[in-house]
>>> print(open('protein14.txt').read())   # compact mmCIF, N, CA and C atoms
# COMPACT_ATOMS: atom_id res chain seq x y z
N MET J 1 19.36 -11.11 91.61
CA MET J 1 18.89 -9.76 91.77
C MET J 1 19.29 -8.91 90.60
N PRO J 2 18.36 -8.44 89.88
CA PRO J 2 18.68 -7.29 89.06
C PRO J 2 18.12 -6.03 89.72
N ASN J 3 18.97 -5.03 89.83
CA ASN J 3 18.55 -3.72 90.30
C ASN J 3 18.53 -2.84 89.05
N VAL J 4 17.32 -2.48 88.61
CA VAL J 4 17.14 -1.81 87.33
C VAL J 4 16.64 -0.39 87.55
N LYS J 5 17.34 0.55 86.92
CA LYS J 5 16.90 1.94 86.92
C LYS J 5 16.73 2.37 85.47
N ILE J 6 15.56 2.90 85.17
CA ILE J 6 15.27 3.38 83.82
C ILE J 6 15.14 4.89 83.90
N PHE J 7 16.06 5.59 83.25
CA PHE J 7 16.09 7.04 83.26
C PHE J 7 15.48 7.53 81.95
N VAL J 8 14.43 8.34 82.05
CA VAL J 8 13.70 8.82 80.87
C VAL J 8 13.75 10.35 80.86
N ASP J 9 14.11 10.91 79.70
CA ASP J 9 14.11 12.37 79.56
C ASP J 9 12.75 12.91 79.98
N GLU J 10 12.77 13.96 80.79
CA GLU J 10 11.53 14.50 81.36
C GLU J 10 10.54 14.99 80.29
N THR J 11 11.05 15.39 79.13
CA THR J 11 10.13 15.84 78.07
C THR J 11 9.46 14.65 77.38
N LEU J 12 10.06 13.50 77.44
CA LEU J 12 9.52 12.28 76.85
C LEU J 12 8.64 11.53 77.84
N TYR J 13 8.92 11.67 79.11
CA TYR J 13 8.30 10.87 80.17
C TYR J 13 6.77 10.86 80.17
N PRO J 14 6.09 12.01 80.08
CA PRO J 14 4.62 11.96 80.15
C PRO J 14 3.99 11.06 79.08
N GLY J 15 4.56 11.04 77.91
CA GLY J 15 3.99 10.25 76.82
C GLY J 15 4.33 8.77 76.87
N VAL J 16 5.36 8.40 77.65
CA VAL J 16 5.78 6.99 77.70
C VAL J 16 5.52 6.35 79.06
N ARG J 17 5.06 7.14 80.00
CA ARG J 17 4.85 6.60 81.35
C ARG J 17 3.93 5.38 81.35
N ALA J 18 2.77 5.48 80.71
CA ALA J 18 1.81 4.37 80.71
C ALA J 18 2.36 3.13 80.00
N PRO J 19 2.87 3.24 78.76
CA PRO J 19 3.38 2.03 78.11
C PRO J 19 4.61 1.44 78.82
N LEU J 20 5.43 2.28 79.40
CA LEU J 20 6.59 1.79 80.13
C LEU J 20 6.15 1.06 81.40
N THR J 21 5.14 1.58 82.07
CA THR J 21 4.61 0.91 83.26
C THR J 21 4.07 -0.47 82.91
N VAL J 22 3.37 -0.57 81.79
CA VAL J 22 2.84 -1.86 81.33
C VAL J 22 3.99 -2.82 81.00
N ALA J 23 5.07 -2.31 80.46
CA ALA J 23 6.20 -3.15 80.06
C ALA J 23 7.00 -3.68 81.23
N LEU J 24 6.88 -3.07 82.41
CA LEU J 24 7.70 -3.51 83.54
C LEU J 24 7.46 -4.96 83.92
N GLY J 25 6.23 -5.42 83.87
CA GLY J 25 5.94 -6.82 84.21
C GLY J 25 6.64 -7.80 83.29
N PRO J 26 6.48 -7.66 81.97
CA PRO J 26 7.20 -8.55 81.05
C PRO J 26 8.72 -8.41 81.15
N ILE J 27 9.20 -7.20 81.40
CA ILE J 27 10.65 -7.02 81.58
C ILE J 27 11.12 -7.81 82.79
N ARG J 28 10.40 -7.68 83.89
CA ARG J 28 10.79 -8.43 85.10
C ARG J 28 10.73 -9.93 84.86
N ALA J 29 9.70 -10.40 84.17
CA ALA J 29 9.59 -11.84 83.88
C ALA J 29 10.79 -12.33 83.07
N MET J 30 11.18 -11.55 82.05
CA MET J 30 12.32 -11.93 81.23
C MET J 30 13.60 -11.98 82.05
N LEU J 31 13.81 -10.93 82.88
CA LEU J 31 15.03 -10.90 83.70
C LEU J 31 15.06 -12.05 84.69
N CYS J 32 13.93 -12.34 85.31
CA CYS J 32 13.88 -13.45 86.27
C CYS J 32 14.20 -14.77 85.60
N GLN J 33 13.63 -14.98 84.41
CA GLN J 33 13.87 -16.22 83.70
C GLN J 33 15.33 -16.31 83.23
N ASP J 34 15.79 -15.28 82.53
CA ASP J 34 17.12 -15.35 81.93
C ASP J 34 18.25 -15.30 82.95
N LEU J 35 18.04 -14.60 84.06
CA LEU J 35 19.08 -14.49 85.08
C LEU J 35 18.87 -15.48 86.23
N ALA J 36 17.79 -16.25 86.16
CA ALA J 36 17.47 -17.27 87.17
C ALA J 36 17.39 -16.67 88.57
N VAL J 37 16.49 -15.69 88.71
CA VAL J 37 16.26 -15.06 90.01
C VAL J 37 14.77 -15.06 90.33
N ASP J 38 14.45 -14.97 91.61
CA ASP J 38 13.06 -14.87 92.04
C ASP J 38 12.59 -13.42 91.91
N VAL J 39 11.30 -13.25 91.79
CA VAL J 39 10.70 -11.92 91.69
C VAL J 39 11.11 -11.05 92.88
N ALA J 40 11.15 -11.63 94.06
CA ALA J 40 11.48 -10.86 95.27
C ALA J 40 12.89 -10.27 95.21
N ALA J 41 13.73 -10.79 94.36
CA ALA J 41 15.11 -10.28 94.27
C ALA J 41 15.22 -9.04 93.40
N CYS J 42 14.16 -8.70 92.68
CA CYS J 42 14.19 -7.59 91.73
C CYS J 42 13.90 -6.25 92.39
N GLN J 43 14.47 -5.23 91.79
CA GLN J 43 14.15 -3.86 92.18
C GLN J 43 14.14 -3.01 90.92
N PHE J 44 13.09 -2.19 90.78
CA PHE J 44 12.94 -1.34 89.61
C PHE J 44 12.67 0.09 90.03
N ALA J 45 13.19 1.01 89.25
CA ALA J 45 12.86 2.43 89.41
C ALA J 45 12.81 3.04 88.02
N VAL J 46 11.78 3.85 87.78
CA VAL J 46 11.68 4.63 86.56
C VAL J 46 11.76 6.09 86.99
N ILE J 47 12.73 6.81 86.42
CA ILE J 47 13.05 8.15 86.91
C ILE J 47 13.07 9.13 85.74
N ALA J 48 12.31 10.21 85.86
CA ALA J 48 12.37 11.28 84.87
C ALA J 48 13.61 12.13 85.15
N VAL J 49 14.36 12.43 84.10
CA VAL J 49 15.62 13.17 84.24
C VAL J 49 15.74 14.22 83.16
N VAL J 50 16.69 15.11 83.32
CA VAL J 50 17.05 16.04 82.27
C VAL J 50 18.17 15.37 81.48
N ALA J 51 17.87 15.07 80.23
CA ALA J 51 18.86 14.41 79.37
C ALA J 51 19.47 15.42 78.41
N MET J 52 20.72 15.19 78.06
CA MET J 52 21.38 16.06 77.09
C MET J 52 20.84 15.74 75.70
N PRO J 53 20.64 16.74 74.86
CA PRO J 53 19.99 16.52 73.57
C PRO J 53 20.76 15.64 72.60
N ASP J 54 22.07 15.51 72.78
CA ASP J 54 22.87 14.71 71.85
C ASP J 54 23.17 13.30 72.38
N LEU J 55 22.47 12.90 73.45
CA LEU J 55 22.65 11.57 74.04
C LEU J 55 21.30 10.84 74.04
N PRO J 56 21.31 9.52 74.24
CA PRO J 56 20.03 8.80 74.28
C PRO J 56 19.08 9.41 75.32
N ARG J 57 17.81 9.46 74.95
CA ARG J 57 16.80 10.06 75.83
C ARG J 57 16.33 9.08 76.90
N VAL J 58 16.64 7.82 76.71
CA VAL J 58 16.31 6.79 77.69
C VAL J 58 17.56 5.96 77.95
N ASN J 59 17.89 5.80 79.22
CA ASN J 59 19.04 5.01 79.63
C ASN J 59 18.59 4.01 80.68
N VAL J 60 19.07 2.78 80.55
CA VAL J 60 18.78 1.74 81.54
C VAL J 60 20.10 1.34 82.18
N GLU J 61 20.11 1.35 83.50
CA GLU J 61 21.26 0.86 84.24
C GLU J 61 20.81 -0.32 85.07
N MET J 62 21.54 -1.42 84.97
CA MET J 62 21.20 -2.61 85.72
C MET J 62 22.43 -3.10 86.46
N ALA J 63 22.25 -3.40 87.73
CA ALA J 63 23.32 -3.97 88.55
C ALA J 63 22.91 -5.39 88.90
N ILE J 64 23.84 -6.31 88.76
CA ILE J 64 23.58 -7.71 89.06
C ILE J 64 24.73 -8.29 89.86
N LEU J 65 24.44 -9.33 90.58
CA LEU J 65 25.50 -10.08 91.25
C LEU J 65 26.05 -11.10 90.26
N PRO J 66 27.36 -11.25 90.20
CA PRO J 66 27.94 -12.21 89.26
C PRO J 66 27.67 -13.65 89.71
N ARG J 67 27.54 -14.51 88.73
CA ARG J 67 27.43 -15.96 88.93
C ARG J 67 28.18 -16.62 87.78
N PRO J 68 28.70 -17.80 87.98
CA PRO J 68 29.43 -18.45 86.90
C PRO J 68 28.61 -18.62 85.62
N GLU J 69 27.32 -18.89 85.77
CA GLU J 69 26.47 -19.09 84.58
C GLU J 69 26.09 -17.78 83.89
N ARG J 70 26.37 -16.66 84.50
CA ARG J 70 26.07 -15.36 83.90
C ARG J 70 27.28 -14.91 83.08
N THR J 71 27.42 -15.56 81.96
CA THR J 71 28.55 -15.29 81.08
C THR J 71 28.34 -13.97 80.35
N ARG J 72 29.39 -13.49 79.74
CA ARG J 72 29.29 -12.26 78.94
C ARG J 72 28.25 -12.43 77.84
N THR J 73 28.23 -13.59 77.22
CA THR J 73 27.26 -13.86 76.17
C THR J 73 25.84 -13.78 76.70
N LEU J 74 25.59 -14.37 77.85
CA LEU J 74 24.25 -14.33 78.44
C LEU J 74 23.87 -12.89 78.79
N ILE J 75 24.78 -12.16 79.41
CA ILE J 75 24.49 -10.78 79.81
C ILE J 75 24.21 -9.91 78.58
N LEU J 76 24.98 -10.08 77.51
CA LEU J 76 24.73 -9.33 76.28
C LEU J 76 23.36 -9.67 75.70
N SER J 77 22.97 -10.93 75.77
CA SER J 77 21.65 -11.34 75.29
C SER J 77 20.54 -10.70 76.12
N VAL J 78 20.70 -10.69 77.43
CA VAL J 78 19.73 -10.06 78.32
C VAL J 78 19.65 -8.57 78.02
N CYS J 79 20.79 -7.93 77.83
CA CYS J 79 20.81 -6.48 77.52
C CYS J 79 20.09 -6.19 76.21
N ALA J 80 20.28 -7.02 75.21
CA ALA J 80 19.61 -6.82 73.93
C ALA J 80 18.10 -6.94 74.08
N LYS J 81 17.66 -7.94 74.83
CA LYS J 81 16.22 -8.11 75.07
C LYS J 81 15.66 -6.93 75.86
N LEU J 82 16.39 -6.54 76.89
CA LEU J 82 15.97 -5.43 77.74
C LEU J 82 15.85 -4.14 76.91
N ARG J 83 16.86 -3.87 76.09
CA ARG J 83 16.82 -2.67 75.26
C ARG J 83 15.62 -2.71 74.30
N ALA J 84 15.40 -3.85 73.67
CA ALA J 84 14.28 -3.96 72.73
C ALA J 84 12.94 -3.74 73.43
N MET J 85 12.78 -4.27 74.63
CA MET J 85 11.53 -4.12 75.36
C MET J 85 11.29 -2.67 75.77
N VAL J 86 12.34 -2.00 76.22
CA VAL J 86 12.21 -0.60 76.63
C VAL J 86 12.02 0.29 75.40
N GLU J 87 12.71 -0.04 74.31
CA GLU J 87 12.50 0.72 73.08
C GLU J 87 11.07 0.57 72.55
N ASP J 88 10.51 -0.63 72.65
CA ASP J 88 9.12 -0.83 72.23
C ASP J 88 8.18 0.05 73.04
N ALA J 89 8.45 0.17 74.33
CA ALA J 89 7.59 0.97 75.20
C ALA J 89 7.77 2.47 75.02
N THR J 90 8.99 2.90 74.74
CA THR J 90 9.28 4.33 74.68
C THR J 90 9.38 4.88 73.25
N ARG J 91 9.49 4.00 72.28
CA ARG J 91 9.58 4.39 70.87
C ARG J 91 10.76 5.32 70.60
N THR J 92 11.86 5.06 71.31
CA THR J 92 13.09 5.83 71.07
C THR J 92 14.29 4.94 71.35
N HIS J 93 15.45 5.40 70.91
CA HIS J 93 16.69 4.65 71.16
C HIS J 93 16.97 4.59 72.65
N VAL J 94 17.44 3.44 73.11
CA VAL J 94 17.72 3.22 74.53
C VAL J 94 19.15 2.73 74.68
N ALA J 95 19.87 3.30 75.63
CA ALA J 95 21.20 2.82 75.99
C ALA J 95 21.07 1.94 77.24
N VAL J 96 21.80 0.85 77.27
CA VAL J 96 21.76 -0.07 78.42
C VAL J 96 23.18 -0.26 78.94
N ARG J 97 23.31 -0.18 80.26
CA ARG J 97 24.59 -0.42 80.92
C ARG J 97 24.37 -1.41 82.05
N VAL J 98 25.32 -2.31 82.23
CA VAL J 98 25.24 -3.31 83.30
C VAL J 98 26.52 -3.28 84.09
N THR J 99 26.38 -3.34 85.39
CA THR J 99 27.54 -3.47 86.26
C THR J 99 27.35 -4.71 87.12
N ALA J 100 28.46 -5.35 87.41
CA ALA J 100 28.46 -6.50 88.31
C ALA J 100 28.85 -6.00 89.70
N LEU J 101 28.04 -6.33 90.67
CA LEU J 101 28.31 -5.92 92.04
C LEU J 101 29.31 -6.86 92.68
N ASP J 102 30.02 -6.37 93.63
CA ASP J 102 30.97 -7.20 94.39
C ASP J 102 30.19 -7.95 95.47
N PRO J 103 30.07 -9.27 95.37
CA PRO J 103 29.29 -10.02 96.34
C PRO J 103 29.87 -9.95 97.76
N GLU J 104 31.13 -9.61 97.89
CA GLU J 104 31.74 -9.50 99.22
C GLU J 104 31.32 -8.22 99.94
N THR J 105 31.00 -7.18 99.18
CA THR J 105 30.68 -5.90 99.80
C THR J 105 29.22 -5.48 99.62
N TYR J 106 28.48 -6.19 98.77
CA TYR J 106 27.08 -5.83 98.53
C TYR J 106 26.22 -6.24 99.70
N LEU J 107 25.37 -5.31 100.14
CA LEU J 107 24.42 -5.57 101.22
C LEU J 107 23.04 -5.12 100.78
N ALA J 108 22.01 -5.83 101.23
CA ALA J 108 20.65 -5.42 100.94
C ALA J 108 19.78 -5.74 102.16
N LEU J 109 19.01 -4.76 102.59
CA LEU J 109 18.03 -4.97 103.65
C LEU J 109 16.68 -4.77 103.01
N LYS J 110 15.83 -5.78 103.05
CA LYS J 110 14.52 -5.68 102.41
C LYS J 110 13.44 -5.90 103.43
>>> encode(input="protein14.txt", output="structure tokens")
Amino acid sequence: MPNVKIFVDETLYPGVRAPLTVALGPIRAMLCQDLAVDVAACQFAVIAVVAMPDLPRVNVEMAILPRPERTRTLILSVCAKLRAMVEDATRTHVAVRVTALDPETYLALK
């Protein structure tokens, strides 16, 4: 499961909504392949926000469940690909953050 939230500055959002929407499919495919998850495990949200002018205008936050094969090297590689794909869609610098969820306390009802 990757739970992905893409926060886009509201002034940038109207111009990037369409290309970002198109990019979601390839982004999901990459995450499913690289993190070895099924499509049904994914969750995405694209949210227009008020961003501070001296910080990145697009931020991606992804939460994943840890697995032994999800090494730091693999996660960094996934983050680099994710950032490049979102940057291609938005044509601006993107910050990416990943958190590992606690499998003992994480719950999901779908």
>>> residues_around(input="protein14.txt", residues="segment 104-109 of chain J", least_positions_apart="5", cutoff="12 Å", atoms="only C-alpha atoms", output="MDAnalysis selection string")
chainID J and resid 1 3 41:43 63:66
>>> select_by_dssp(input="protein14.txt", residues="chain J", states="strand (DSSP E or B)", output="number ranges by chain")
J: 2-9, 43-49, 58-64, 94-100
>>> select_by_dssp(input="protein14.txt", residues="chain J", states="helix (DSSP H, G or I)", output="VMD selection string")
chain J and resid 13 to 35 39 to 41 72 to 90
>>> write_last_selection(input="protein14.txt", atoms="N, CA and C atoms", output="compact mmCIF listing (two decimals), in the frame of the given file")
# COMPACT_ATOMS: atom_id res chain seq x y z
N TYR J 13 8.92 11.67 79.11
CA TYR J 13 8.30 10.87 80.17
C TYR J 13 6.77 10.86 80.17
N PRO J 14 6.09 12.01 80.08
CA PRO J 14 4.62 11.96 80.15
C PRO J 14 3.99 11.06 79.08
N GLY J 15 4.56 11.04 77.91
CA GLY J 15 3.99 10.25 76.82
C GLY J 15 4.33 8.77 76.87
N VAL J 16 5.36 8.40 77.65
CA VAL J 16 5.78 6.99 77.70
C VAL J 16 5.52 6.35 79.06
N ARG J 17 5.06 7.14 80.00
CA ARG J 17 4.85 6.60 81.35
C ARG J 17 3.93 5.38 81.35
N ALA J 18 2.77 5.48 80.71
CA ALA J 18 1.81 4.37 80.71
C ALA J 18 2.36 3.13 80.00
N PRO J 19 2.87 3.24 78.76
CA PRO J 19 3.38 2.03 78.11
C PRO J 19 4.61 1.44 78.82
N LEU J 20 5.43 2.28 79.40
CA LEU J 20 6.59 1.79 80.13
C LEU J 20 6.15 1.06 81.40
N THR J 21 5.14 1.58 82.07
CA THR J 21 4.61 0.91 83.26
C THR J 21 4.07 -0.47 82.91
N VAL J 22 3.37 -0.57 81.79
CA VAL J 22 2.84 -1.86 81.33
C VAL J 22 3.99 -2.82 81.00
N ALA J 23 5.07 -2.31 80.46
CA ALA J 23 6.20 -3.15 80.06
C ALA J 23 7.00 -3.68 81.23
N LEU J 24 6.88 -3.07 82.41
CA LEU J 24 7.70 -3.51 83.54
C LEU J 24 7.46 -4.96 83.92
N GLY J 25 6.23 -5.42 83.87
CA GLY J 25 5.94 -6.82 84.21
C GLY J 25 6.64 -7.80 83.29
N PRO J 26 6.48 -7.66 81.97
CA PRO J 26 7.20 -8.55 81.05
C PRO J 26 8.72 -8.41 81.15
N ILE J 27 9.20 -7.20 81.40
CA ILE J 27 10.65 -7.02 81.58
C ILE J 27 11.12 -7.81 82.79
N ARG J 28 10.40 -7.68 83.89
CA ARG J 28 10.79 -8.43 85.10
C ARG J 28 10.73 -9.93 84.86
N ALA J 29 9.70 -10.40 84.17
CA ALA J 29 9.59 -11.84 83.88
C ALA J 29 10.79 -12.33 83.07
N MET J 30 11.18 -11.55 82.05
CA MET J 30 12.32 -11.93 81.23
C MET J 30 13.60 -11.98 82.05
N LEU J 31 13.81 -10.93 82.88
CA LEU J 31 15.03 -10.90 83.70
C LEU J 31 15.06 -12.05 84.69
N CYS J 32 13.93 -12.34 85.31
CA CYS J 32 13.88 -13.45 86.27
C CYS J 32 14.20 -14.77 85.60
N GLN J 33 13.63 -14.98 84.41
CA GLN J 33 13.87 -16.22 83.70
C GLN J 33 15.33 -16.31 83.23
N ASP J 34 15.79 -15.28 82.53
CA ASP J 34 17.12 -15.35 81.93
C ASP J 34 18.25 -15.30 82.95
N LEU J 35 18.04 -14.60 84.06
CA LEU J 35 19.08 -14.49 85.08
C LEU J 35 18.87 -15.48 86.23
N VAL J 39 11.30 -13.25 91.79
CA VAL J 39 10.70 -11.92 91.69
C VAL J 39 11.11 -11.05 92.88
N ALA J 40 11.15 -11.63 94.06
CA ALA J 40 11.48 -10.86 95.27
C ALA J 40 12.89 -10.27 95.21
N ALA J 41 13.73 -10.79 94.36
CA ALA J 41 15.11 -10.28 94.27
C ALA J 41 15.22 -9.04 93.40
N ARG J 72 29.39 -13.49 79.74
CA ARG J 72 29.29 -12.26 78.94
C ARG J 72 28.25 -12.43 77.84
N THR J 73 28.23 -13.59 77.22
CA THR J 73 27.26 -13.86 76.17
C THR J 73 25.84 -13.78 76.70
N LEU J 74 25.59 -14.37 77.85
CA LEU J 74 24.25 -14.33 78.44
C LEU J 74 23.87 -12.89 78.79
N ILE J 75 24.78 -12.16 79.41
CA ILE J 75 24.49 -10.78 79.81
C ILE J 75 24.21 -9.91 78.58
N LEU J 76 24.98 -10.08 77.51
CA LEU J 76 24.73 -9.33 76.28
C LEU J 76 23.36 -9.67 75.70
N SER J 77 22.97 -10.93 75.77
CA SER J 77 21.65 -11.34 75.29
C SER J 77 20.54 -10.70 76.12
N VAL J 78 20.70 -10.69 77.43
CA VAL J 78 19.73 -10.06 78.32
C VAL J 78 19.65 -8.57 78.02
N CYS J 79 20.79 -7.93 77.83
CA CYS J 79 20.81 -6.48 77.52
C CYS J 79 20.09 -6.19 76.21
N ALA J 80 20.28 -7.02 75.21
CA ALA J 80 19.61 -6.82 73.93
C ALA J 80 18.10 -6.94 74.08
N LYS J 81 17.66 -7.94 74.83
CA LYS J 81 16.22 -8.11 75.07
C LYS J 81 15.66 -6.93 75.86
N LEU J 82 16.39 -6.54 76.89
CA LEU J 82 15.97 -5.43 77.74
C LEU J 82 15.85 -4.14 76.91
N ARG J 83 16.86 -3.87 76.09
CA ARG J 83 16.82 -2.67 75.26
C ARG J 83 15.62 -2.71 74.30
N ALA J 84 15.40 -3.85 73.67
CA ALA J 84 14.28 -3.96 72.73
C ALA J 84 12.94 -3.74 73.43
N MET J 85 12.78 -4.27 74.63
CA MET J 85 11.53 -4.12 75.36
C MET J 85 11.29 -2.67 75.77
N VAL J 86 12.34 -2.00 76.22
CA VAL J 86 12.21 -0.60 76.63
C VAL J 86 12.02 0.29 75.40
N GLU J 87 12.71 -0.04 74.31
CA GLU J 87 12.50 0.72 73.08
C GLU J 87 11.07 0.57 72.55
N ASP J 88 10.51 -0.63 72.65
CA ASP J 88 9.12 -0.83 72.23
C ASP J 88 8.18 0.05 73.04
N ALA J 89 8.45 0.17 74.33
CA ALA J 89 7.59 0.97 75.20
C ALA J 89 7.77 2.47 75.02
N THR J 90 8.99 2.90 74.74
CA THR J 90 9.28 4.33 74.68
C THR J 90 9.38 4.88 73.25
>>> atom_distance(input="protein14.txt", atom1="atom N of Gly25 of chain J", atom2="atom CA of Val4 of chain J")
12.0 Å
>>> residues_around(input="protein14.txt", residues="Ala45 of chain J", least_positions_apart="6", cutoff="6.5 Å", atoms="only N, CA and C atoms", output="list in words")
Val4, Lys5, Ile6 and Phe7 of chain J
>>> closest_residue(input="protein14.txt", among="J:Val78, J:Leu101, J:Val86, J:Ile47", to="Glu10 of chain J", atoms="all atoms listed in the file")
J:Ile47
>>> residues_around(input="protein14.txt", residues="segment 93-97 of chain J", least_positions_apart="4", cutoff="6.5 Å", atoms="only N, CA and C atoms", output="list in words")
Pro56, Arg57, Val58, Asn59, Val60, Glu61, Met62, Ala63, Arg83, Val86 and Glu87 of chain J
>>> atom_distance(input="protein14.txt", atom1="atom CA of Thr90 of chain J", atom2="atom C of Glu69 of chain J")
29.3 Å
>>> atom_distance(input="protein14.txt", atom1="atom CA of Cys79 of chain J", atom2="atom CA of Pro26 of chain J")
14.2 Å
>>> closest_residue(input="protein14.txt", among="J:Asp34, J:Asp102, J:Asp54, J:Asp9", to="Arg70 of chain J", atoms="only C-alpha atoms")
J:Asp34
>>> build_atoms(input="protein14.txt", residues="segment 77-85 of chain J", atoms="all heavy atoms", output="compact mmCIF listing (two decimals), in the coordinates of the input")
# COMPACT_ATOMS: atom_id res chain seq x y z
N SER J 77 22.97 -10.93 75.77
CA SER J 77 21.65 -11.34 75.29
C SER J 77 20.54 -10.70 76.12
O SER J 77 19.56 -10.19 75.57
CB SER J 77 21.54 -12.87 75.35
OG SER J 77 20.22 -13.29 75.09
N VAL J 78 20.70 -10.69 77.43
CA VAL J 78 19.73 -10.06 78.32
C VAL J 78 19.65 -8.57 78.02
O VAL J 78 18.56 -8.00 77.95
CB VAL J 78 20.08 -10.33 79.80
CG1 VAL J 78 19.27 -9.46 80.73
CG2 VAL J 78 19.88 -11.80 80.13
N CYS J 79 20.79 -7.93 77.83
CA CYS J 79 20.81 -6.48 77.52
C CYS J 79 20.09 -6.19 76.21
O CYS J 79 19.35 -5.20 76.12
CB CYS J 79 22.24 -5.97 77.46
SG CYS J 79 23.04 -5.86 79.06
N ALA J 80 20.28 -7.02 75.21
CA ALA J 80 19.61 -6.82 73.93
C ALA J 80 18.10 -6.94 74.08
O ALA J 80 17.34 -6.13 73.54
CB ALA J 80 20.14 -7.81 72.89
N LYS J 81 17.66 -7.94 74.83
CA LYS J 81 16.22 -8.11 75.07
C LYS J 81 15.66 -6.93 75.86
O LYS J 81 14.59 -6.41 75.55
CB LYS J 81 15.95 -9.41 75.82
CG LYS J 81 16.19 -10.66 75.02
CD LYS J 81 15.92 -11.88 75.90
CE LYS J 81 16.33 -13.17 75.24
NZ LYS J 81 16.09 -14.32 76.13
N LEU J 82 16.39 -6.54 76.89
CA LEU J 82 15.97 -5.43 77.74
C LEU J 82 15.85 -4.14 76.91
O LEU J 82 14.85 -3.42 77.00
CB LEU J 82 16.96 -5.25 78.89
CG LEU J 82 16.72 -4.12 79.87
CD1 LEU J 82 15.34 -4.22 80.51
CD2 LEU J 82 17.82 -4.13 80.94
N ARG J 83 16.86 -3.87 76.09
CA ARG J 83 16.82 -2.67 75.26
C ARG J 83 15.62 -2.71 74.30
O ARG J 83 14.90 -1.72 74.15
CB ARG J 83 18.11 -2.50 74.47
CG ARG J 83 18.05 -1.26 73.58
CD ARG J 83 19.35 -0.88 72.96
NE ARG J 83 19.88 -1.96 72.16
CZ ARG J 83 21.09 -1.93 71.61
NH1 ARG J 83 21.88 -0.89 71.79
NH2 ARG J 83 21.51 -2.93 70.90
N ALA J 84 15.40 -3.85 73.67
CA ALA J 84 14.28 -3.96 72.73
C ALA J 84 12.94 -3.74 73.43
O ALA J 84 12.06 -3.06 72.89
CB ALA J 84 14.30 -5.33 72.06
N MET J 85 12.78 -4.27 74.63
CA MET J 85 11.53 -4.12 75.36
C MET J 85 11.29 -2.67 75.77
O MET J 85 10.18 -2.16 75.68
CB MET J 85 11.50 -5.06 76.56
CG MET J 85 11.50 -6.53 76.15
SD MET J 85 11.70 -7.65 77.54
CE MET J 85 9.99 -7.84 78.03
